[in-house]
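Novice: Just so it is clear, I am handing over coords-v8.tsv, which has TSV, C-alpha atoms and all ligand atoms.
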chain	number	residue	atom	x	y	z
A	12	MET	CA	143.43	79.34	89.09
A	13	PRO	CA	145.82	79.38	86.08
A	14	THR	CA	146.39	82.64	84.25
A	15	ASP	CA	145.25	82.96	80.63
A	16	PRO	CA	148.40	83.15	78.49
A	17	VAL	CA	149.29	86.06	76.20
A	18	LEU	CA	151.99	86.33	73.54
A	19	VAL	CA	153.13	89.42	71.62
A	20	VAL	CA	155.88	89.48	68.96
A	21	HIS	CA	157.46	92.10	66.72
A	22	GLY	CA	159.61	91.95	63.63
A	23	GLY	CA	161.12	95.40	63.39
A	24	ALA	CA	160.00	99.02	63.02
A	25	TRP	CA	160.83	101.03	59.88
A	26	ALA	CA	159.49	102.37	56.58
A	27	MET	CA	158.74	98.86	55.37
A	28	PRO	CA	157.83	98.89	51.65
A	29	ASP	CA	154.51	97.40	50.49
A	30	ASP	CA	156.15	94.47	48.78
A	31	MET	CA	157.70	93.30	52.07
A	32	VAL	CA	154.55	93.47	54.16
A	33	ASP	CA	153.35	89.93	53.47
A	34	ALA	CA	156.70	88.36	54.32
A	35	HIS	CA	156.77	90.25	57.61
A	36	LEU	CA	153.20	89.33	58.51
A	37	ASN	CA	153.90	85.74	57.65
A	38	GLY	CA	157.02	85.78	59.82
A	39	VAL	CA	155.39	87.26	62.91
A	40	ASN	CA	152.40	84.94	62.56
A	41	ASN	CA	154.69	81.90	62.35
A	42	ALA	CA	156.50	83.10	65.45
A	43	LEU	CA	153.18	83.53	67.22
A	44	THR	CA	152.17	79.97	66.34
A	45	ALA	CA	155.43	78.53	67.69
A	46	GLY	CA	155.32	80.51	70.93
A	47	TRP	CA	151.63	79.83	71.48
A	48	ARG	CA	152.17	76.09	71.10
A	49	VAL	CA	154.39	76.28	74.19
A	50	LEU	CA	151.96	78.38	76.23
A	51	GLU	CA	148.96	76.28	75.23
A	52	ARG	CA	150.43	73.11	76.66
A	53	GLY	CA	151.24	74.90	79.92
A	54	GLY	CA	154.87	75.73	79.07
A	55	SER	CA	156.72	78.72	80.49
A	56	SER	CA	156.77	82.23	79.10
A	57	LEU	CA	160.54	81.85	78.88
A	58	ASP	CA	160.25	78.85	76.56
A	59	ALA	CA	157.56	80.63	74.55
A	60	VAL	CA	159.61	83.75	73.82
A	61	GLU	CA	162.63	81.62	72.96
A	62	GLU	CA	160.67	79.51	70.46
A	63	ALA	CA	158.99	82.57	68.92
A	64	VAL	CA	162.33	84.33	68.43
A	65	VAL	CA	164.01	81.22	66.98
A	66	ILE	CA	161.37	81.16	64.22
A	67	MET	CA	162.14	84.75	63.29
A	68	GLU	CA	165.91	84.20	63.51
A	69	ASP	CA	165.46	81.37	61.02
A	70	ASP	CA	163.36	83.55	58.72
A	71	GLU	CA	165.59	85.52	56.33
A	72	THR	CA	163.00	88.29	56.18
A	73	PHE	CA	164.31	89.64	59.47
A	74	ASP	CA	167.53	91.20	60.72
A	75	ALA	CA	168.25	88.33	63.11
A	76	GLY	CA	170.13	85.08	62.60
A	77	ARG	CA	170.73	84.18	58.94
A	78	GLY	CA	169.88	87.04	56.60
A	79	SER	CA	170.96	89.76	59.04
A	80	PHE	CA	172.52	93.03	57.94
A	81	LEU	CA	176.24	92.96	57.36
A	82	ASN	CA	178.71	95.03	59.30
A	83	ARG	CA	181.32	97.28	57.68
A	84	ASP	CA	183.59	94.28	57.08
A	85	GLY	CA	180.87	92.27	55.39
A	86	LYS	CA	180.27	89.95	58.36
A	87	VAL	CA	177.17	89.09	60.34
A	88	GLN	CA	177.51	89.97	64.05
A	89	LEU	CA	174.57	89.09	66.24
A	90	ASP	CA	173.25	90.20	69.65
A	91	ALA	CA	170.43	88.66	71.73
A	92	LEU	CA	168.97	88.75	75.22
A	93	ILE	CA	166.37	86.69	77.05
A	94	MET	CA	164.99	87.56	80.51
A	95	ASP	CA	162.73	85.83	83.01
A	96	GLY	CA	160.38	88.13	84.90
A	97	SER	CA	159.78	85.73	87.79
A	98	THR	CA	163.45	85.37	88.82
A	99	LEU	CA	165.08	88.32	87.01
A	100	ARG	CA	167.53	85.84	85.55
A	101	ALA	CA	168.83	86.90	82.15
A	102	GLY	CA	171.18	85.67	79.46
A	103	GLY	CA	172.75	87.78	76.76
A	104	VAL	CA	175.20	87.37	73.90
A	105	GLY	CA	176.87	90.15	71.96
A	106	CYS	CA	178.86	90.30	68.72
A	107	VAL	CA	178.62	86.59	68.00
A	108	GLU	CA	179.51	85.47	64.49
A	109	HIS	CA	179.00	81.72	64.49
A	110	LEU	CA	175.56	81.09	65.96
A	111	ARG	CA	172.44	80.57	63.87
A	112	ASN	CA	170.20	81.13	66.84
A	113	PRO	CA	171.85	83.47	69.33
A	114	VAL	CA	168.72	83.38	71.51
A	115	ARG	CA	169.41	79.67	72.15
A	116	ALA	CA	172.86	80.56	73.47
A	117	ALA	CA	171.36	83.39	75.53
A	118	ARG	CA	168.90	80.93	77.05
A	119	LYS	CA	171.75	78.57	77.98
A	120	ILE	CA	173.48	81.44	79.74
A	121	LEU	CA	170.30	82.28	81.63
A	122	SER	CA	169.74	78.67	82.67
A	123	GLU	CA	173.24	77.30	83.11
A	124	SER	CA	175.63	80.12	83.96
A	125	PRO	CA	176.15	82.29	87.04
A	126	HIS	CA	176.96	85.08	84.58
A	127	VAL	CA	174.49	87.16	82.63
A	128	TYR	CA	176.39	88.22	79.55
A	129	PHE	CA	178.97	86.78	77.16
A	130	VAL	CA	180.44	88.39	74.06
A	131	GLY	CA	182.32	87.30	70.94
A	132	GLU	CA	184.47	84.17	71.13
A	133	GLY	CA	183.72	83.60	74.81
A	134	ALA	CA	180.01	83.51	74.06
A	135	GLU	CA	180.54	81.05	71.24
A	136	LYS	CA	182.77	78.86	73.37
A	137	PHE	CA	180.15	78.84	76.13
A	138	ALA	CA	177.44	77.99	73.61
A	139	ALA	CA	179.44	75.13	72.08
A	140	GLU	CA	180.25	73.72	75.52
A	141	HIS	CA	176.55	73.75	76.34
A	142	GLY	CA	175.34	71.93	73.26
A	143	VAL	CA	174.62	74.80	70.86
A	144	SER	CA	176.37	74.05	67.58
A	145	LEU	CA	178.46	76.67	65.83
A	146	CYS	CA	178.26	77.58	62.14
A	147	LYS	CA	180.43	79.48	59.68
A	148	ASN	CA	179.81	83.21	59.36
A	149	ASP	CA	179.22	82.58	55.67
A	150	ASP	CA	176.27	80.37	56.59
A	151	LEU	CA	174.56	83.49	58.00
A	152	ILE	CA	175.16	85.68	54.93
A	153	ILE	CA	172.67	85.86	52.07
A	154	PRO	CA	173.12	87.55	48.65
A	155	ARG	CA	170.44	90.18	49.40
A	156	GLU	CA	172.55	91.51	52.25
A	157	VAL	CA	175.81	91.43	50.29
A	158	GLU	CA	174.11	93.62	47.70
A	159	ARG	CA	172.51	95.88	50.31
A	160	LEU	CA	175.90	96.54	51.91
A	161	ARG	CA	177.56	97.13	48.56
A	162	ALA	CA	174.88	99.64	47.56
A	163	TYR	CA	175.02	101.39	50.93
A	164	GLN	CA	178.80	101.66	50.96
A	165	ALA	CA	178.74	103.01	47.40
A	166	THR	CA	176.42	105.84	48.48
A	167	GLN	CA	178.60	106.55	51.51
A	168	SER	CA	181.95	106.66	49.73
A	169	ASN	CA	181.48	110.26	48.67
A	170	SER	CA	180.04	111.55	51.92
A	171	LYS	CA	181.85	112.43	55.12
A	172	PRO	CA	183.00	109.57	57.38
A	173	ASP	CA	181.04	108.38	60.40
A	174	GLY	CA	180.50	111.22	62.82
A	175	ASN	CA	178.82	111.48	66.18
A	176	ASP	CA	175.51	110.26	64.85
A	177	LEU	CA	176.76	106.91	63.66
A	178	PHE	CA	173.94	104.98	61.94
A	179	ALA	CA	171.72	107.98	62.50
A	180	PRO	CA	170.44	109.24	59.23
A	181	GLY	CA	168.25	112.31	59.35
A	182	SER	CA	164.68	111.76	60.42
A	183	ALA	CA	163.44	112.49	56.92
A	184	ASP	CA	165.45	109.52	55.65
A	185	LEU	CA	164.12	107.25	58.34
A	186	ASP	CA	160.59	108.15	57.47
A	187	HIS	CA	160.94	107.58	53.76
A	188	ASP	CA	163.97	105.47	52.94
A	189	PRO	CA	163.08	101.79	52.97
A	190	THR	CA	166.74	100.79	52.86
A	191	ILE	CA	167.14	102.14	56.39
A	192	SER	CA	165.46	99.24	58.05
A	193	HIS	CA	165.18	98.00	61.60
A	194	ASP	CA	164.21	94.38	61.34
A	195	THR	CA	165.14	93.20	64.82
A	196	VAL	CA	162.80	90.61	66.33
A	197	GLY	CA	161.35	90.23	69.80
A	198	ALA	CA	158.70	88.54	71.91
A	199	VAL	CA	157.02	88.98	75.29
A	200	ALA	CA	154.83	86.35	76.93
A	201	LEU	CA	152.65	85.61	79.95
A	202	ASP	CA	152.21	81.95	80.95
A	203	HIS	CA	149.71	79.88	82.91
A	204	ASP	CA	151.66	80.43	86.12
A	205	GLY	CA	151.36	84.20	85.77
A	206	ASN	CA	155.02	84.74	84.86
A	207	ILE	CA	156.24	87.04	82.11
A	208	ALA	CA	159.41	86.87	79.97
A	209	ALA	CA	160.99	88.76	77.07
A	210	ALA	CA	163.52	88.07	74.32
A	211	THR	CA	165.11	90.21	71.60
A	212	SER	CA	167.49	89.19	68.80
A	213	THR	CA	169.21	91.25	66.13
A	214	GLY	CA	171.90	91.55	63.51
A	215	GLY	CA	172.17	95.22	64.48
A	216	THR	CA	172.44	98.05	62.00
A	217	LEU	CA	173.66	98.00	58.41
A	218	ASN	CA	177.36	98.81	57.95
A	219	LYS	CA	177.95	98.97	61.72
A	220	ALA	CA	181.54	99.06	62.93
A	221	PRO	CA	182.82	95.60	63.93
A	222	GLY	CA	182.30	95.16	67.67
A	223	ARG	CA	179.47	97.67	67.85
A	224	LEU	CA	176.79	96.48	70.25
A	225	GLY	CA	173.26	97.82	69.95
A	226	ASP	CA	170.46	98.18	72.47
A	227	SER	CA	168.81	94.84	71.69
A	228	SER	CA	170.87	92.62	73.95
A	229	LEU	CA	171.37	95.11	76.78
A	230	ILE	CA	169.19	94.55	79.85
A	231	GLY	CA	166.65	97.35	80.16
A	232	CYS	CA	167.48	98.85	76.76
A	233	GLY	CA	166.26	96.44	74.07
A	234	CYS	CA	164.74	93.86	76.40
A	235	TYR	CA	163.48	93.60	79.97
A	236	ALA	CA	161.21	91.44	82.12
A	237	ASP	CA	160.13	91.73	85.74
A	238	ASN	CA	156.88	90.27	87.10
A	239	GLU	CA	156.57	93.38	89.26
A	240	SER	CA	156.48	95.72	86.26
A	241	ALA	CA	156.42	94.38	82.70
A	242	ALA	CA	158.12	92.50	79.90
A	243	ALA	CA	159.29	94.65	76.98
A	244	SER	CA	161.18	94.29	73.69
A	245	THR	CA	162.24	97.23	71.52
A	246	THR	CA	163.45	97.76	67.98
A	247	GLY	CA	164.83	100.74	66.12
A	248	TRP	CA	167.94	102.81	65.96
A	249	GLY	CA	169.82	101.37	68.93
A	250	GLU	CA	172.04	104.18	70.15
A	251	PRO	CA	169.20	106.51	71.22
A	252	ILE	CA	167.23	103.60	72.73
A	253	MET	CA	170.26	102.66	74.82
A	254	LYS	CA	170.72	106.17	76.12
A	255	LEU	CA	167.18	106.14	77.52
A	256	VAL	CA	167.31	102.54	78.84
A	257	LEU	CA	163.97	102.46	77.14
A	258	ALA	CA	162.60	99.00	77.96
A	259	LYS	CA	163.16	99.59	81.70
A	260	TRP	CA	161.85	103.16	81.41
A	261	THR	CA	158.64	101.74	80.01
A	262	ALA	CA	158.40	98.98	82.63
A	263	ASP	CA	158.81	101.61	85.35
A	264	ARG	CA	155.82	103.53	83.99
A	265	ILE	CA	153.78	100.34	84.30
A	266	SER	CA	154.90	99.57	87.87
A	267	ALA	CA	153.85	103.15	88.69
A	268	GLY	CA	150.30	102.18	87.73
A	269	ASN	CA	150.02	103.08	84.03
A	270	LEU	CA	148.65	100.70	81.43
A	271	PRO	CA	151.08	99.04	78.98
A	272	GLU	CA	149.21	100.56	76.04
A	273	TRP	CA	149.74	104.10	77.30
A	274	SER	CA	153.29	103.40	78.48
A	275	ALA	CA	154.34	101.99	75.09
A	276	GLN	CA	153.05	105.10	73.34
A	277	GLU	CA	154.72	107.36	75.90
A	278	ALA	CA	158.00	105.52	75.35
A	279	MET	CA	157.83	106.33	71.64
A	280	ASN	CA	157.06	109.99	72.38
A	281	TYR	CA	159.94	110.14	74.86
A	282	LEU	CA	162.30	108.48	72.35
A	283	LYS	CA	161.44	111.06	69.71
A	284	GLN	CA	161.38	114.11	71.95
A	285	ARG	CA	164.43	113.40	74.09
A	286	VAL	CA	166.92	111.99	71.56
A	287	ASN	CA	165.17	112.18	68.18
A	288	GLY	CA	165.02	108.39	68.14
A	289	HIS	CA	162.93	106.09	65.97
A	290	GLY	CA	161.64	102.65	66.74
A	291	GLY	CA	158.99	100.46	68.22
A	292	ILE	CA	158.16	98.54	71.37
A	293	ILE	CA	155.98	95.68	72.60
A	294	VAL	CA	155.04	95.47	76.29
A	295	LEU	CA	153.06	93.08	78.48
A	296	ASN	CA	152.27	92.90	82.21
A	297	THR	CA	151.21	90.01	84.45
A	298	ALA	CA	147.57	91.13	84.20
A	299	GLY	CA	147.79	90.32	80.47
A	300	HIS	CA	147.53	93.93	79.30
A	301	ILE	CA	149.56	94.62	76.20
A	302	GLY	CA	151.11	97.68	74.59
A	303	ILE	CA	152.31	97.91	70.98
A	304	ALA	CA	153.64	101.22	69.63
A	305	HIS	CA	156.05	102.60	67.05
A	306	ASN	CA	157.02	106.02	65.77
A	307	THR	CA	158.24	104.70	62.41
A	308	PRO	CA	155.81	104.41	59.49
A	309	ARG	CA	155.41	100.68	60.09
A	310	MET	CA	156.28	97.90	62.53
A	311	ALA	CA	155.48	94.21	62.08
A	312	TRP	CA	153.59	92.97	65.16
A	313	ALA	CA	151.27	90.17	66.21
A	314	TYR	CA	149.60	89.07	69.43
A	315	LYS	CA	147.45	86.23	70.68
A	316	THR	CA	145.27	85.73	73.73
A	317	VAL	CA	142.81	82.93	74.41
A	318	LYS	CA	140.11	85.09	72.85
A	319	LYS	CA	141.81	87.02	70.10
A	320	GLN	CA	144.62	87.00	67.55
A	321	GLU	CA	145.73	89.96	65.45
A	322	ALA	CA	148.70	91.02	63.32
A	323	GLY	CA	149.60	94.15	61.41
A	324	VAL	CA	152.27	96.53	60.23
A	325	VAL	CA	150.70	99.69	61.64
A	326	ARG	CA	149.45	100.00	65.19
A	327	GLU	CA	146.99	102.79	65.90
A	328	ASN	CA	146.65	103.65	69.57
B	1	LIG	N1	167.99	98.04	67.70
B	1	LIG	C1	168.83	97.33	66.80
B	1	LIG	C2	170.24	97.84	66.93
B	1	LIG	O1	170.43	99.05	66.99
B	1	LIG	C3	168.42	97.46	65.38
B	1	LIG	C4	166.99	97.12	65.10
B	1	LIG	O2	166.12	97.26	65.96
B	1	LIG	O3	166.69	96.69	63.99
B	1	LIG	O4	171.13	97.05	66.94
Translate this file's structure into structure tokens.
Specialist:
Amino acid sequence: MPTDPVLVVHGGAWAMPDDMVDAHLNGVNNALTAGWRVLERGGSSLDAVEEAVVIMEDDETFDAGRGSFLNRDGKVQLDALIMDGSTLRAGGVGCVEHLRNPVRAARKILSESPHVYFVGEGAEKFAAEHGVSLCKNDDLIIPREVERLRAYQATQSNSKPDGNDLFAPGSADLDHDPTISHDTVGAVALDHDGNIAAATSTGGTLNKAPGRLGDSSLIGCGCYADNESAAASTTGWGEPIMKLVLAKWTADRISAGNLPEWSAQEAMNYLKQRVNGHGGIIVLNTAGHIGIAHNTPRMAWAYKTVKKQEAGVVREN
């Protein structure tokens, strides 16, 4: 008896201003359509999360692919991970500068390499050798982000240099300042065969130091999938999420018998209480139960089952 498929996507958790809500809803709904097309025809959860994430990488609304935040040197540096819950195979890329769709390269690593993770030039070389074409870094940069970086660096020039809490503005800022955005994208899916998968892709944080890697592409931090627990994708300020290995922490709660809905909310409470972190998470298990939670004012999310489809920028649990 085939399993009924489920797909959940997110497009970042932050104090998203009203005038950006429609673009985000449009983006997550388009991603849902692309991923669902795969699941509907009996395709794998792995293919579904890849296709959903590609749509959001191509959408300049999000901090993934073209249109991502710029690092301190004015370059786009991208991270992505994809993971298959049935085999625990995973593929990740970090700090890549010449890939429009880093999740495609991550998928090639998962499928065609004995390794799990490639960074920088090595990742790009692997991608090119496996049929993923490279682009110029300039092709990933848009004027909105050039201006955002300029404005941010102008406000920083009079304040003290990066300290311990790099990219960690006070919680008051995170709650109210719409320029402090976390627009990472992610997807989790369950397919007809009962297998789950997850993918996460990001341009990281605004003005990050070159070479800085966030949580998004690290197994168990920004992304995780295991049929025996859950598939999860996170977004938010990456350093605290990494310290808690938050995606795996959440999956462990589910394998211990808790529902994804509760576990997602608990993950957000834990993130806030333990390390004063901010973000959001989507979770899904092989029974098709989903969890969507955030502790930021808003997070773009959408999900689809055979019976229901919903999207929003606030999730009440
Ligand atoms: N988690 C990402 C990072 O820290 C940022 C985000 O979610 O938008 O790289």
Novice: Taking all atoms listed in the file into account, list the residues no farther than 9 Å from ligand LIG 1 (chain B), as a PyMOL selection string.
Specialist: chain A and resi 22-25+73-75+89-90+178+192-196+212-217+219+223-228+233+245-253+290-291
Novice: Return as lines of an AutoDock Vina configuration file the box centre and box size in Å, one decimal, for an axis-aligned box around all listed atoms of range 54-67 of chain A padded by 8 Å per side.
Specialist:
center_x = 159.4
center_y = 80.2
center_z = 71.9
size_x = 25.1
size_y = 25.0
size_z = 33.2
Novice: Rounded to one decimal, what separation in Å do you get between CA of Leu255 in chain A and CA of Val20 in chain A?
Specialist: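 One can read the CA of Leu255 in chain A to CA of Val20 in chain A distance as 21.9 Å.
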Novice: Of the candidates A:Met94, A:Leu295, A:Val286, A:Ile265, which shows the shortest atom-to-atom distance to Ile230 in chain A, using only C-alpha atoms?
Specialist: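 Closest residue, counting only C-alpha atoms: A:Met94.
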Novice: Mind giving me the straight-line distance from CA of Trp47 in chain A to CA of Ala138 in chain A in Å, one decimal?
Specialist: 26.0 Å
Novice: If I take CA of Val324 in chain A and CA of Trp312 in chain A, how far is one from the other in Å, to one decimal?
Specialist: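 Between CA of Val324 in chain A and CA of Trp312 in chain A the gap is 6.2 Å.
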Novice: With only C-alpha atoms as the basis for distance, which of A:Val256, A:Leu201, A:Trp273, A:Glu71 is at the shortest distance from Asn37 in chain A?
Specialist: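 Of A:Val256, A:Leu201, A:Trp273, A:Glu71, the one nearest Asn37 in chain A is A:Glu71, counting only C-alpha atoms.
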Novice: Would you kindly return, as a PyMOL selection string, each protein, DNA or RNA residue with an atom no farther than 7 Å from any atom of range 132-137 of chain A, considering all atoms listed in the file and excluding same-chain residues fewer than 6 positions away?
Specialist: chain A and resi 104+107+109
Novice: Here is a test: counting all atoms listed in the file, which residue of A:Gly102, A:Gly205, A:Gly288, A:Gly131 is nearest to Gly53 in chain A?
Specialist: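 Of A:Gly102, A:Gly205, A:Gly288, A:Gly131, the one nearest Gly53 in chain A is A:Gly205, counting all atoms listed in the file.
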Novice: Pick out the closest residue to Ser244 in chain A from this set: A:Asn40, A:Ser124, A:Thr211, A:Ser168. Count only C-alpha atoms.
Specialist: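 Of A:Asn40, A:Ser124, A:Thr211, A:Ser168, the one nearest Ser244 in chain A is A:Thr211, counting only C-alpha atoms.
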Novice: Show which residues sit within 12 Å of Pro154 in chain A, as a ChimeraX atom specification. Count all atoms listed in the file, and ignore same-chain residues fewer than 5 positions away.
Specialist: /A:71,77-81,85,149,159-161
Novice: Fewer than 3 positions away in the same chain doesn't count, so skip those; otherwise give me all residues within 10 Å of Val199 in chain A, counting only C-alpha atoms, as a PyMOL selection string.
Specialist: chain A and resi 17-21+46+56-57+59-61+63-64+93-94+207-211+234-236+241-244+293-296+301+314
Novice: Just the residues within 10 Å of Leu110 in chain A, please, counting all atoms listed in the file, with nothing from its chain fewer than 6 positions along; format it as a list in words.
Specialist: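 Neighbouring residues, sequence-local ones excluded: Gly76, Arg77, Val87, Gln88, Leu89, Ala116, Ala134, Glu135, Ala138, Ala139, Val143, Ser144, Leu145, Cys146, Lys147, Asn148, Asp150 and Leu151 of chain A.
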Novice: Just C-alpha atoms for this one: save the residues we selected as a PDB file, in the coordinates of the input.
Specialist:
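Generated output (selection-v8.pdb):
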ATOM      1  CA  GLY A  76     170.130  85.080  62.600  1.00  0.00           C
ATOM      2  CA  ARG A  77     170.730  84.180  58.940  1.00  0.00           C
ATOM      3  CA  VAL A  87     177.170  89.090  60.340  1.00  0.00           C
ATOM      4  CA  GLN A  88     177.510  89.970  64.050  1.00  0.00           C
ATOM      5  CA  LEU A  89     174.570  89.090  66.240  1.00  0.00           C
ATOM      6  CA  ALA A 116     172.860  80.560  73.470  1.00  0.00           C
ATOM      7  CA  ALA A 134     180.010  83.510  74.060  1.00  0.00           C
ATOM      8  CA  GLU A 135     180.540  81.050  71.240  1.00  0.00           C
ATOM      9  CA  ALA A 138     177.440  77.990  73.610  1.00  0.00           C
ATOM     10  CA  ALA A 139     179.440  75.130  72.080  1.00  0.00           C
ATOM     11  CA  VAL A 143     174.620  74.800  70.860  1.00  0.00           C
ATOM     12  CA  SER A 144     176.370  74.050  67.580  1.00  0.00           C
ATOM     13  CA  LEU A 145     178.460  76.670  65.830  1.00  0.00           C
ATOM     14  CA  CYS A 146     178.260  77.580  62.140  1.00  0.00           C
ATOM     15  CA  LYS A 147     180.430  79.480  59.680  1.00  0.00           C
ATOM     16  CA  ASN A 148     179.810  83.210  59.360  1.00  0.00           C
ATOM     17  CA  ASP A 150     176.270  80.370  56.590  1.00  0.00           C
ATOM     18  CA  LEU A 151     174.560  83.490  58.000  1.00  0.00           C
TER      19      LEU A 151
END
Novice: Residues within 7 Å of Asn112 in chain A, please, as a ChimeraX atom specification. Count all atoms listed in the file; anything in the same chain fewer than 3 positions from it doesn't count.
Specialist: /A:65,68,76,115
Novice: Take the residues from that selection and put them in a file with C-alpha atoms, as a compact mmCIF listing (two decimals), keeping the file's coordinate frame.
Specialist:
# COMPACT_ATOMS: atom_id res chain seq x y z
CA VAL A 65 164.01 81.22 66.98
CA GLU A 68 165.91 84.20 63.51
CA GLY A 76 170.13 85.08 62.60
CA ARG A 115 169.41 79.67 72.15
Novice: Would you mind telling me which residue in A:Ala275, A:Ala162, A:Met67, A:Leu121 lies nearest to Ala45 in chain A when using only C-alpha atoms?
Specialist: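 Of A:Ala275, A:Ala162, A:Met67, A:Leu121, the one nearest Ala45 in chain A is A:Met67, counting only C-alpha atoms.
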Novice: So which one's closest to Asp204 in chain A, A:Leu36, A:Ala220, A:Ser97, A:His305? Using all atoms listed in the file, please.
Specialist: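 Of all the options, A:Ser97 lies closest to Asp204 in chain A.
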Novice: The residues within 6 Å of (179.8, 98.5, 54.6), using only C-alpha atoms and the coordinates of the file, should be reported as a list of chain:residue names; which are they?
Specialist: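 Those within range, by chain then number, are A:Asn82, A:Arg83, A:Leu160, A:Gln164, A:Asn218.
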